[in-house]
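final27.cif follows; it contains mmCIF, C-alpha atoms and all ligand atoms.
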```
data_input
loop_
_atom_site.group_PDB
_atom_site.id
_atom_site.type_symbol
_atom_site.label_atom_id
_atom_site.label_comp_id
_atom_site.auth_asym_id
_atom_site.auth_seq_id
_atom_site.Cartn_x
_atom_site.Cartn_y
_atom_site.Cartn_z
ATOM 1 C CA MET I 1 123.440 112.196 94.328
ATOM 2 C CA HIS I 2 123.521 112.725 98.046
ATOM 3 C CA TYR I 3 120.259 113.366 99.827
ATOM 4 C CA VAL I 4 119.936 115.618 102.865
ATOM 5 C CA LEU I 5 117.262 116.102 105.508
ATOM 6 C CA PRO I 6 115.278 119.236 104.612
ATOM 7 C CA ALA I 7 114.848 121.858 107.320
ATOM 8 C CA LEU I 8 111.338 122.495 108.571
ATOM 9 C CA ALA I 9 109.758 125.885 107.898
ATOM 10 C CA TYR I 10 108.452 125.973 111.479
ATOM 11 C CA ASP I 11 109.570 124.976 114.971
ATOM 12 C CA TYR I 12 109.037 121.488 116.355
ATOM 13 C CA ASP I 13 106.671 122.839 119.033
ATOM 14 C CA SER I 14 104.590 124.991 116.711
ATOM 15 C CA LEU I 15 102.032 122.337 115.687
ATOM 16 C CA SER I 16 101.156 121.719 119.326
ATOM 17 C CA PRO I 17 98.702 120.773 120.775
ATOM 18 C CA PHE I 18 97.643 118.866 117.654
ATOM 19 C CA ILE I 19 101.067 117.276 117.109
ATOM 20 C CA SER I 20 103.520 117.544 119.986
ATOM 21 C CA SER I 21 107.076 118.774 119.863
ATOM 22 C CA SER I 22 108.222 115.293 120.925
ATOM 23 C CA ILE I 23 106.625 113.662 117.911
ATOM 24 C CA MET I 24 107.789 116.309 115.478
ATOM 25 C CA GLU I 25 111.402 116.142 116.650
ATOM 26 C CA LEU I 26 111.518 112.346 116.670
ATOM 27 C CA HIS I 27 109.694 112.060 113.346
ATOM 28 C CA HIS I 28 111.960 114.571 111.603
ATOM 29 C CA LYS I 29 115.347 114.033 113.249
ATOM 30 C CA LYS I 30 115.190 110.262 113.695
ATOM 31 C CA HIS I 31 112.671 108.700 111.309
ATOM 32 C CA HIS I 32 113.145 110.987 108.318
ATOM 33 C CA GLN I 33 116.896 111.244 108.902
ATOM 34 C CA GLY I 34 116.982 107.449 109.016
ATOM 35 C CA TYR I 35 115.383 107.197 105.577
ATOM 36 C CA VAL I 36 117.879 109.713 104.206
ATOM 37 C CA ASP I 37 120.856 107.875 105.684
ATOM 38 C CA LYS I 38 119.710 104.452 104.505
ATOM 39 C CA LEU I 39 118.891 105.807 101.044
ATOM 40 C CA ASN I 40 122.347 107.333 100.715
ATOM 41 C CA GLY I 41 123.888 104.099 101.975
ATOM 42 C CA ALA I 42 121.922 102.041 99.464
ATOM 43 C CA LEU I 43 122.929 104.296 96.581
ATOM 44 C CA VAL I 44 126.567 103.469 97.310
ATOM 45 C CA ALA I 45 125.701 99.842 96.630
ATOM 46 C CA TYR I 46 123.520 100.725 93.599
ATOM 47 C CA PRO I 47 125.373 103.577 91.878
ATOM 48 C CA GLU I 48 123.312 103.095 88.711
ATOM 49 C CA PHE I 49 120.332 104.622 90.524
ATOM 50 C CA ALA I 50 122.173 107.544 92.118
ATOM 51 C CA ALA I 51 121.786 109.983 89.227
ATOM 52 C CA ILE I 52 118.073 109.383 88.651
ATOM 53 C CA PRO I 53 115.723 111.870 90.377
ATOM 54 C CA LEU I 54 113.673 110.164 93.097
ATOM 55 C CA SER I 55 110.371 110.989 91.413
ATOM 56 C CA GLN I 56 111.497 108.955 88.386
ATOM 57 C CA LEU I 57 113.345 106.270 90.311
ATOM 58 C CA LEU I 58 110.524 105.374 92.692
ATOM 59 C CA VAL I 59 108.096 104.419 89.912
ATOM 60 C CA GLN I 60 110.516 101.848 88.466
ATOM 61 C CA LYS I 61 109.491 98.255 89.120
ATOM 62 C CA ASN I 62 113.017 96.830 89.297
ATOM 63 C CA ILE I 63 114.419 98.882 92.165
ATOM 64 C CA PRO I 64 115.568 97.051 95.304
ATOM 65 C CA ASP I 65 113.327 97.275 98.375
ATOM 66 C CA VAL I 66 115.967 99.243 100.306
ATOM 67 C CA ILE I 67 115.704 102.056 97.745
ATOM 68 C CA ARG I 68 111.941 101.740 97.287
ATOM 69 C CA ASN I 69 111.313 101.984 101.038
ATOM 70 C CA ASN I 70 113.915 104.543 102.097
ATOM 71 C CA GLY I 71 113.635 106.614 98.923
ATOM 72 C CA GLY I 72 109.870 106.679 99.390
ATOM 73 C CA GLY I 73 110.344 107.579 103.037
ATOM 74 C CA HIS I 74 112.496 110.561 102.127
ATOM 75 C CA TYR I 75 110.217 111.672 99.283
ATOM 76 C CA ASN I 76 106.974 111.382 101.240
ATOM 77 C CA HIS I 77 108.191 113.054 104.417
ATOM 78 C CA SER I 78 109.771 115.936 102.481
ATOM 79 C CA LEU I 79 106.266 116.687 101.175
ATOM 80 C CA PHE I 80 104.481 115.937 104.447
ATOM 81 C CA TRP I 81 106.289 118.710 106.372
ATOM 82 C CA GLN I 82 105.187 121.260 103.780
ATOM 83 C CA TRP I 83 101.564 120.167 103.983
ATOM 84 C CA MET I 84 101.398 121.255 107.627
ATOM 85 C CA SER I 85 101.680 124.701 109.148
ATOM 86 C CA PRO I 86 101.171 126.374 112.539
ATOM 87 C CA GLY I 87 98.614 128.625 110.823
ATOM 88 C CA GLY I 88 96.885 125.718 109.127
ATOM 89 C CA GLY I 89 93.446 124.225 109.329
ATOM 90 C CA GLY I 90 90.201 125.591 108.004
ATOM 91 C CA GLN I 91 89.246 125.048 104.388
ATOM 92 C CA PRO I 92 90.930 125.685 101.049
ATOM 93 C CA GLY I 93 89.812 128.686 99.068
ATOM 94 C CA GLY I 94 90.036 129.377 95.366
ATOM 95 C CA LYS I 95 89.708 126.769 92.668
ATOM 96 C CA LEU I 96 90.716 123.918 94.976
ATOM 97 C CA GLY I 97 87.964 124.756 97.428
ATOM 98 C CA ARG I 98 85.384 124.945 94.645
ATOM 99 C CA ASP I 99 86.564 121.732 92.952
ATOM 100 C CA ILE I 100 86.589 119.714 96.192
ATOM 101 C CA ALA I 101 83.044 120.865 96.969
ATOM 102 C CA ALA I 102 81.951 119.982 93.427
ATOM 103 C CA ARG I 103 83.582 116.546 93.572
ATOM 104 C CA TYR I 104 82.561 115.490 97.100
ATOM 105 C CA GLY I 105 79.420 117.547 97.698
ATOM 106 C CA SER I 106 81.046 119.593 100.457
ATOM 107 C CA PHE I 107 84.393 120.122 102.111
ATOM 108 C CA GLN I 108 83.178 118.176 105.155
ATOM 109 C CA ALA I 109 82.178 115.222 102.970
ATOM 110 C CA PHE I 110 85.700 115.198 101.539
ATOM 111 C CA VAL I 111 87.198 115.308 105.059
ATOM 112 C CA ASN I 112 84.982 112.400 106.087
ATOM 113 C CA GLU I 113 85.986 110.263 103.098
ATOM 114 C CA PHE I 114 89.711 111.001 103.482
ATOM 115 C CA SER I 115 89.539 110.389 107.241
ATOM 116 C CA ASN I 116 87.735 107.112 106.706
ATOM 117 C CA ALA I 117 90.417 105.990 104.251
ATOM 118 C CA ALA I 118 93.100 106.906 106.802
ATOM 119 C CA GLY I 119 91.283 105.228 109.667
ATOM 120 C CA THR I 120 90.737 101.951 107.856
ATOM 121 C CA LEU I 121 94.168 101.580 106.246
ATOM 122 C CA PHE I 122 95.610 98.341 107.614
ATOM 123 C CA GLY I 123 99.144 98.522 108.945
ATOM 124 C CA SER I 124 101.572 101.285 107.966
ATOM 125 C CA GLY I 125 101.058 103.603 105.034
ATOM 126 C CA TRP I 126 99.741 106.865 103.673
ATOM 127 C CA VAL I 127 96.472 108.295 102.415
ATOM 128 C CA TRP I 128 96.674 110.715 99.512
ATOM 129 C CA LEU I 129 94.598 113.414 97.876
ATOM 130 C CA LEU I 130 95.752 113.276 94.264
ATOM 131 C CA ASP I 131 96.076 116.079 91.752
ATOM 132 C CA ASP I 132 92.827 114.835 90.122
ATOM 133 C CA LEU I 133 91.179 115.022 93.598
ATOM 134 C CA GLY I 134 90.870 111.258 93.964
ATOM 135 C CA ILE I 135 91.740 109.628 97.294
ATOM 136 C CA VAL I 136 94.003 106.556 97.417
ATOM 137 C CA ASN I 137 96.026 104.616 100.001
ATOM 138 C CA THR I 138 99.497 103.190 99.695
ATOM 139 C CA SER I 139 101.267 100.777 102.021
ATOM 140 C CA ASN I 140 104.593 101.422 103.715
ATOM 141 C CA GLN I 141 106.425 104.248 101.923
ATOM 142 C CA ASP I 142 105.132 103.712 98.395
ATOM 143 C CA THR I 143 104.172 106.826 96.467
ATOM 144 C CA PRO I 144 100.913 107.081 94.501
ATOM 145 C CA MET I 145 102.915 107.563 91.282
ATOM 146 C CA ARG I 146 104.246 104.019 91.666
ATOM 147 C CA TYR I 147 100.710 102.818 90.911
ATOM 148 C CA GLY I 148 100.161 105.100 87.930
ATOM 149 C CA HIS I 149 98.446 107.897 89.840
ATOM 150 C CA GLY I 150 99.351 111.556 89.538
ATOM 151 C CA GLU I 151 101.200 113.611 92.094
ATOM 152 C CA PRO I 152 99.707 114.053 95.555
ATOM 153 C CA LEU I 153 98.317 117.399 96.637
ATOM 154 C CA LEU I 154 98.159 116.206 100.225
ATOM 155 C CA GLY I 155 99.078 113.099 102.175
ATOM 156 C CA LEU I 156 98.691 111.838 105.702
ATOM 157 C CA ASP I 157 101.255 109.613 107.370
ATOM 158 C CA VAL I 158 99.376 106.951 109.334
ATOM 159 C CA TRP I 159 102.412 104.997 110.485
ATOM 160 C CA GLU I 160 102.217 104.580 114.268
ATOM 161 C CA HIS I 161 105.419 106.630 114.666
ATOM 162 C CA ALA I 162 103.436 109.652 113.406
ATOM 163 C CA TYR I 163 100.994 109.641 116.327
ATOM 164 C CA TYR I 164 101.636 107.020 118.972
ATOM 165 C CA LEU I 165 103.405 109.275 121.513
ATOM 166 C CA ASP I 166 100.424 111.654 121.514
ATOM 167 C CA TYR I 167 97.446 109.482 120.703
ATOM 168 C CA LYS I 168 98.543 105.942 121.604
ATOM 169 C CA ASN I 169 96.430 103.462 119.655
ATOM 170 C CA VAL I 170 93.645 105.968 118.887
ATOM 171 C CA ARG I 171 94.482 106.716 115.276
ATOM 172 C CA SER I 172 91.063 108.275 114.655
ATOM 173 C CA GLU I 173 91.808 111.111 117.109
ATOM 174 C CA TYR I 174 95.160 111.835 115.436
ATOM 175 C CA ILE I 175 93.382 112.053 112.084
ATOM 176 C CA HIS I 176 90.666 114.281 113.544
ATOM 177 C CA GLN I 177 93.192 116.694 115.089
ATOM 178 C CA TRP I 178 95.564 116.683 112.114
ATOM 179 C CA TRP I 179 93.101 118.674 110.028
ATOM 180 C CA ASN I 180 93.900 121.626 112.332
ATOM 181 C CA VAL I 181 97.411 121.902 110.890
ATOM 182 C CA VAL I 182 96.790 121.239 107.193
ATOM 183 C CA ASN I 183 98.447 124.001 105.170
ATOM 184 C CA TRP I 184 95.638 124.724 102.701
ATOM 185 C CA ASP I 185 97.199 127.947 101.419
ATOM 186 C CA TYR I 186 100.209 126.000 100.155
ATOM 187 C CA ILE I 187 98.137 123.107 98.830
ATOM 188 C CA ALA I 188 95.707 125.399 96.975
ATOM 189 C CA ALA I 189 98.660 127.184 95.372
ATOM 190 C CA GLN I 190 100.137 123.817 94.331
ATOM 191 C CA TYR I 191 96.797 122.835 92.818
ATOM 192 C CA ASP I 192 96.710 126.022 90.746
ATOM 193 C CA GLU I 193 100.269 125.292 89.610
ATOM 194 C CA PHE I 194 99.434 121.702 88.612
ATOM 195 C CA GLN I 195 96.328 122.907 86.744
ATOM 196 C CA GLY I 196 98.323 125.583 84.965
ATOM 197 C CA GLY I 197 100.756 122.951 83.745
ATOM 198 C CA LYS I 198 98.042 120.937 82.011
HETATM 199 MN MN MN3 B 201 106.537 109.002 109.078
#
```

Rewrite the structure from the file as structure tokens, please.
Ligand code: MN3
Amino acid sequence: MHYVLPALAYDYDSLSPFISSSIMELHHKKHHQGYVDKLNGALVAYPEFAAIPLSQLLVQKNIPDVIRNNGGGHYNHSLFWQWMSPGGGGQPGGKLGRDIAARYGSFQAFVNEFSNAAGTLFGSGWVWLLDDLGIVNTSNQDTPMRYGHGEPLLGLDVWEHAYYLDYKNVRSEYIHQWWNVVNWDYIAAQYDEFQGGK
């Protein structure tokens, strides 16, 4: 299996001013491409893992770190781009909107809890909203499924490369502004799909 960098559905400058064109281009063309290249390189050395879909491979405990980290990097970023949109922001409608309000008390209370998890995560990692509407962190490029959780509905990259050019060391402002690009239409549709499959 040979992995390729997925194209974005929007232009690099279209999430501005919340995320700059410089960050988007660097994040996609250099960081994400780097994970893809290193994953493909590692699979040459570990051909036994090449035919296993990433979603199944990344939960295995015996995989080498080079595959765990770069495979996770490719998997997570491929989702991350879809969770953002130039027409994003606002609140989810439909069942997702109702279920988040029921679980957290209000949409704003959910935003506060997720933002707090993202702001307090030590080092590099991700914060996830899971398909059961729980919020968890992972370090580095680990997926939530690696720890027995379900699939993520939404995730936020809090590695410094995701925000440093725009926000320097002020991660809290990146988190605050990121909500303006969250693609709730897509995420709500994914939620309905996950629910329908159960
Ligand atoms: Mn990243």

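Between I:Ala45 and the candidates I:Tyr191, I:Asn169, I:Ile67, I:Val181, the tightest atom-to-atom separation, counting only C-alpha atoms, involves I:Ile67.
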
Seminar exercise, completed: Taken to one decimal, the atom CA of I:Tyr147-atom CA of I:Asp132 distance is 14.4 Å

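Proximity to ligand MN3 201 (chain B) was assessed for I:His176, I:Arg98, I:Arg146, I:His77 counting all atoms listed in the file; the smallest distance is recorded for I:His77.
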
Could you list, with a cut-off of 6 Å and counting all atoms listed in the file, the residues of chain I near ligand MN3 201 (chain B), each shown with its nearest atom pair and the distance in Å rounded to one decimal, rows sorted by chain and ascending number, as JSON lines?
```
{"residue": "I:Asp157", "atom": "CA", "partner": "B:MN3_201", "partner_atom": "MN", "distance": 5.6}
{"residue": "I:Trp159", "atom": "CA", "partner": "B:MN3_201", "partner_atom": "MN", "distance": 5.9}
{"residue": "I:Ala162", "atom": "CA", "partner": "B:MN3_201", "partner_atom": "MN", "distance": 5.4}
```

Problem set entry | Selection: 7 Å around stretch 116-131 of chain I, only C-alpha atoms, excl. self and same-chain fewer than 2 positions, as a PyMOL selection string | chain I and resi 112-114+133-141+150-159+171-172+191

Exercise. Using the chain letters and numbers from the file, which residues does the PyMOL selection byres (((chain I and resi 27) around 12) and not hetatm) grab, as a ChimeraX atom specification?
Worked result: /I:5,8,12,19-26,28-35,73-74,77-78,80-81,157,159-165

For this session: Enter the distance from atom CA of I:Asn76 to atom CA of I:Ser106, in Å, rounded to one decimal.
Result: 27.2 Å

So for stretch 138-144 of chain I, what box centre and size do we get, axis-aligned, 5 Å extra on each of the six sides, every listed atom, Å to one decimal, as AutoDock Vina command-line options?
```
--center_x 103.0 --center_y 103.9 --center_z 99.1 --size_x 16.9 --size_y 16.3 --size_z 19.2
```

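Counting from atom CA of I:Gly148, the distance to atom CA of I:His2 is 26.6 Å.
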
For this session: Have a look at I:Tyr174, I:Trp179, I:Phe110, I:Tyr10 and name the one nearest to I:Gln82; count all atoms listed in the file.
Result: I:Tyr10

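Nearest-residue note for I:Asn180: choosing from I:Met84, I:Leu58, I:Ile100, I:Met145, the minimum distance belongs to I:Met84, counting only C-alpha atoms.
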
Exercise. Near I:Asn40, within 8 Å and counting all atoms listed in the file, which residues show up once chain neighbours fewer than 3 positions away are dropped, as an NGL selection string?
Worked result: :I and (2-3 or 36-37 or 43-44)

Exercise. So which residues get picked by the PyMOL selection byres (((chain I and resi 59) around 10) and not hetatm) here, written as a ChimeraX atom specification?
Worked result: /I:54-58,60-63,68,72,142-148

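Taken over the whole file, the PyMOL selection byres (((chain I and resi 182) around 9) and not hetatm) covers exactly I:Trp83, I:Met84, I:Ser85, I:Pro86, I:Gly87, I:Gly88, I:Gly89, I:Gly90, I:Gln91, I:Leu154, I:Trp178, I:Trp179, I:Asn180, I:Val181, I:Asn183, I:Trp184, I:Asp185, I:Ile187.
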
May I have the residues from that selection written out with C-alpha atoms, as a PDB file, keeping the file's coordinate frame?
```
ATOM      1  CA  TRP I  83     101.564 120.167 103.983  1.00  0.00           C
ATOM      2  CA  MET I  84     101.398 121.255 107.627  1.00  0.00           C
ATOM      3  CA  SER I  85     101.680 124.701 109.148  1.00  0.00           C
ATOM      4  CA  PRO I  86     101.171 126.374 112.539  1.00  0.00           C
ATOM      5  CA  GLY I  87      98.614 128.625 110.823  1.00  0.00           C
ATOM      6  CA  GLY I  88      96.885 125.718 109.127  1.00  0.00           C
ATOM      7  CA  GLY I  89      93.446 124.225 109.329  1.00  0.00           C
ATOM      8  CA  GLY I  90      90.201 125.591 108.004  1.00  0.00           C
ATOM      9  CA  GLN I  91      89.246 125.048 104.388  1.00  0.00           C
ATOM     10  CA  LEU I 154      98.159 116.206 100.225  1.00  0.00           C
ATOM     11  CA  TRP I 178      95.564 116.683 112.114  1.00  0.00           C
ATOM     12  CA  TRP I 179      93.101 118.674 110.028  1.00  0.00           C
ATOM     13  CA  ASN I 180      93.900 121.626 112.332  1.00  0.00           C
ATOM     14  CA  VAL I 181      97.411 121.902 110.890  1.00  0.00           C
ATOM     15  CA  ASN I 183      98.447 124.001 105.170  1.00  0.00           C
ATOM     16  CA  TRP I 184      95.638 124.724 102.701  1.00  0.00           C
ATOM     17  CA  ASP I 185      97.199 127.947 101.419  1.00  0.00           C
ATOM     18  CA  ILE I 187      98.137 123.107  98.830  1.00  0.00           C
TER      19      ILE I 187
END
```

If I only have part of stretch 102-135 of chain I, can you fill in N, CA and C atoms and write it as a PDB file, in the coordinates of the input?
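part19.pdb, written as the output of this step:
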```pdb
ATOM      1  N   ALA I 102      82.668 120.529  94.587  1.00  0.00           N
ATOM      2  CA  ALA I 102      81.951 119.982  93.427  1.00  0.00           C
ATOM      3  C   ALA I 102      82.108 118.463  93.362  1.00  0.00           C
ATOM      4  N   ARG I 103      83.292 117.973  93.687  1.00  0.00           N
ATOM      5  CA  ARG I 103      83.582 116.546  93.572  1.00  0.00           C
ATOM      6  C   ARG I 103      82.924 115.736  94.699  1.00  0.00           C
ATOM      7  N   TYR I 104      82.989 116.263  95.927  1.00  0.00           N
ATOM      8  CA  TYR I 104      82.561 115.490  97.100  1.00  0.00           C
ATOM      9  C   TYR I 104      81.222 115.936  97.687  1.00  0.00           C
ATOM     10  N   GLY I 105      80.686 117.035  97.170  1.00  0.00           N
ATOM     11  CA  GLY I 105      79.420 117.547  97.698  1.00  0.00           C
ATOM     12  C   GLY I 105      79.631 118.675  98.681  1.00  0.00           C
ATOM     13  N   SER I 106      80.677 118.535  99.510  1.00  0.00           N
ATOM     14  CA  SER I 106      81.046 119.593 100.457  1.00  0.00           C
ATOM     15  C   SER I 106      82.458 119.317 100.939  1.00  0.00           C
ATOM     16  N   PHE I 107      83.069 120.333 101.540  1.00  0.00           N
ATOM     17  CA  PHE I 107      84.393 120.122 102.111  1.00  0.00           C
ATOM     18  C   PHE I 107      84.332 119.075 103.220  1.00  0.00           C
ATOM     19  N   GLN I 108      83.297 119.133 104.049  1.00  0.00           N
ATOM     20  CA  GLN I 108      83.178 118.176 105.155  1.00  0.00           C
ATOM     21  C   GLN I 108      83.031 116.744 104.635  1.00  0.00           C
ATOM     22  N   ALA I 109      82.323 116.573 103.544  1.00  0.00           N
ATOM     23  CA  ALA I 109      82.178 115.222 102.970  1.00  0.00           C
ATOM     24  C   ALA I 109      83.532 114.699 102.485  1.00  0.00           C
ATOM     25  N   PHE I 110      84.337 115.586 101.926  1.00  0.00           N
ATOM     26  CA  PHE I 110      85.700 115.198 101.539  1.00  0.00           C
ATOM     27  C   PHE I 110      86.514 114.790 102.764  1.00  0.00           C
ATOM     28  N   VAL I 111      86.455 115.610 103.821  1.00  0.00           N
ATOM     29  CA  VAL I 111      87.198 115.308 105.059  1.00  0.00           C
ATOM     30  C   VAL I 111      86.769 113.941 105.593  1.00  0.00           C
ATOM     31  N   ASN I 112      85.482 113.682 105.577  1.00  0.00           N
ATOM     32  CA  ASN I 112      84.982 112.400 106.087  1.00  0.00           C
ATOM     33  C   ASN I 112      85.519 111.231 105.271  1.00  0.00           C
ATOM     34  N   GLU I 113      85.532 111.370 103.947  1.00  0.00           N
ATOM     35  CA  GLU I 113      85.986 110.263 103.098  1.00  0.00           C
ATOM     36  C   GLU I 113      87.488 110.025 103.268  1.00  0.00           C
ATOM     37  N   PHE I 114      88.260 111.119 103.306  1.00  0.00           N
ATOM     38  CA  PHE I 114      89.711 111.001 103.482  1.00  0.00           C
ATOM     39  C   PHE I 114      90.014 110.398 104.860  1.00  0.00           C
ATOM     40  N   SER I 115      89.314 110.882 105.878  1.00  0.00           N
ATOM     41  CA  SER I 115      89.539 110.389 107.241  1.00  0.00           C
ATOM     42  C   SER I 115      89.180 108.916 107.359  1.00  0.00           C
ATOM     43  N   ASN I 116      88.129 108.518 106.684  1.00  0.00           N
ATOM     44  CA  ASN I 116      87.735 107.112 106.706  1.00  0.00           C
ATOM     45  C   ASN I 116      88.796 106.235 106.034  1.00  0.00           C
ATOM     46  N   ALA I 117      89.345 106.736 104.932  1.00  0.00           N
ATOM     47  CA  ALA I 117      90.417 105.990 104.251  1.00  0.00           C
ATOM     48  C   ALA I 117      91.632 105.856 105.167  1.00  0.00           C
ATOM     49  N   ALA I 118      91.940 106.930 105.896  1.00  0.00           N
ATOM     50  CA  ALA I 118      93.100 106.906 106.802  1.00  0.00           C
ATOM     51  C   ALA I 118      92.841 105.999 108.009  1.00  0.00           C
ATOM     52  N   GLY I 119      91.607 106.011 108.481  1.00  0.00           N
ATOM     53  CA  GLY I 119      91.283 105.228 109.667  1.00  0.00           C
ATOM     54  C   GLY I 119      91.220 103.740 109.404  1.00  0.00           C
ATOM     55  N   THR I 120      90.924 103.364 108.177  1.00  0.00           N
ATOM     56  CA  THR I 120      90.737 101.951 107.856  1.00  0.00           C
ATOM     57  C   THR I 120      91.947 101.329 107.161  1.00  0.00           C
ATOM     58  N   LEU I 121      92.965 102.132 106.867  1.00  0.00           N
ATOM     59  CA  LEU I 121      94.168 101.580 106.246  1.00  0.00           C
ATOM     60  C   LEU I 121      94.804 100.581 107.208  1.00  0.00           C
ATOM     61  N   PHE I 122      95.049  99.374 106.748  1.00  0.00           N
ATOM     62  CA  PHE I 122      95.610  98.341 107.614  1.00  0.00           C
ATOM     63  C   PHE I 122      97.125  98.436 107.626  1.00  0.00           C
ATOM     64  N   GLY I 123      97.691  98.493 108.835  1.00  0.00           N
ATOM     65  CA  GLY I 123      99.144  98.522 108.945  1.00  0.00           C
ATOM     66  C   GLY I 123      99.685  99.922 108.710  1.00  0.00           C
ATOM     67  N   SER I 124     100.890 100.011 108.160  1.00  0.00           N
ATOM     68  CA  SER I 124     101.572 101.285 107.966  1.00  0.00           C
ATOM     69  C   SER I 124     101.408 101.769 106.544  1.00  0.00           C
ATOM     70  N   GLY I 125     101.189 103.067 106.379  1.00  0.00           N
ATOM     71  CA  GLY I 125     101.058 103.603 105.034  1.00  0.00           C
ATOM     72  C   GLY I 125     100.606 105.051 105.042  1.00  0.00           C
ATOM     73  N   TRP I 126     100.135 105.472 103.900  1.00  0.00           N
ATOM     74  CA  TRP I 126      99.741 106.865 103.673  1.00  0.00           C
ATOM     75  C   TRP I 126      98.394 106.900 102.964  1.00  0.00           C
ATOM     76  N   VAL I 127      97.663 107.980 103.206  1.00  0.00           N
ATOM     77  CA  VAL I 127      96.472 108.295 102.415  1.00  0.00           C
ATOM     78  C   VAL I 127      96.753 109.580 101.655  1.00  0.00           C
ATOM     79  N   TRP I 128      96.323 109.605 100.406  1.00  0.00           N
ATOM     80  CA  TRP I 128      96.674 110.715  99.512  1.00  0.00           C
ATOM     81  C   TRP I 128      95.431 111.366  98.906  1.00  0.00           C
ATOM     82  N   LEU I 129      95.488 112.680  98.776  1.00  0.00           N
ATOM     83  CA  LEU I 129      94.598 113.414  97.876  1.00  0.00           C
ATOM     84  C   LEU I 129      95.419 113.713  96.632  1.00  0.00           C
ATOM     85  N   LEU I 130      94.978 113.174  95.502  1.00  0.00           N
ATOM     86  CA  LEU I 130      95.752 113.276  94.264  1.00  0.00           C
ATOM     87  C   LEU I 130      95.456 114.582  93.523  1.00  0.00           C
ATOM     88  N   ASP I 131      96.258 114.849  92.528  1.00  0.00           N
ATOM     89  CA  ASP I 131      96.076 116.079  91.752  1.00  0.00           C
ATOM     90  C   ASP I 131      94.760 116.076  90.960  1.00  0.00           C
ATOM     91  N   ASP I 132      94.154 114.887  90.761  1.00  0.00           N
ATOM     92  CA  ASP I 132      92.827 114.835  90.122  1.00  0.00           C
ATOM     93  C   ASP I 132      91.708 114.780  91.168  1.00  0.00           C
ATOM     94  N   LEU I 133      92.084 114.972  92.437  1.00  0.00           N
ATOM     95  CA  LEU I 133      91.179 115.022  93.598  1.00  0.00           C
ATOM     96  C   LEU I 133      90.637 113.663  94.013  1.00  0.00           C
ATOM     97  N   GLY I 134      91.175 112.589  93.459  1.00  0.00           N
ATOM     98  CA  GLY I 134      90.870 111.258  93.964  1.00  0.00           C
ATOM     99  C   GLY I 134      91.606 111.006  95.272  1.00  0.00           C
ATOM    100  N   ILE I 135      91.123 110.027  96.026  1.00  0.00           N
ATOM    101  CA  ILE I 135      91.740 109.628  97.294  1.00  0.00           C
ATOM    102  C   ILE I 135      92.209 108.181  97.147  1.00  0.00           C
TER     103      ILE I 135
END
```
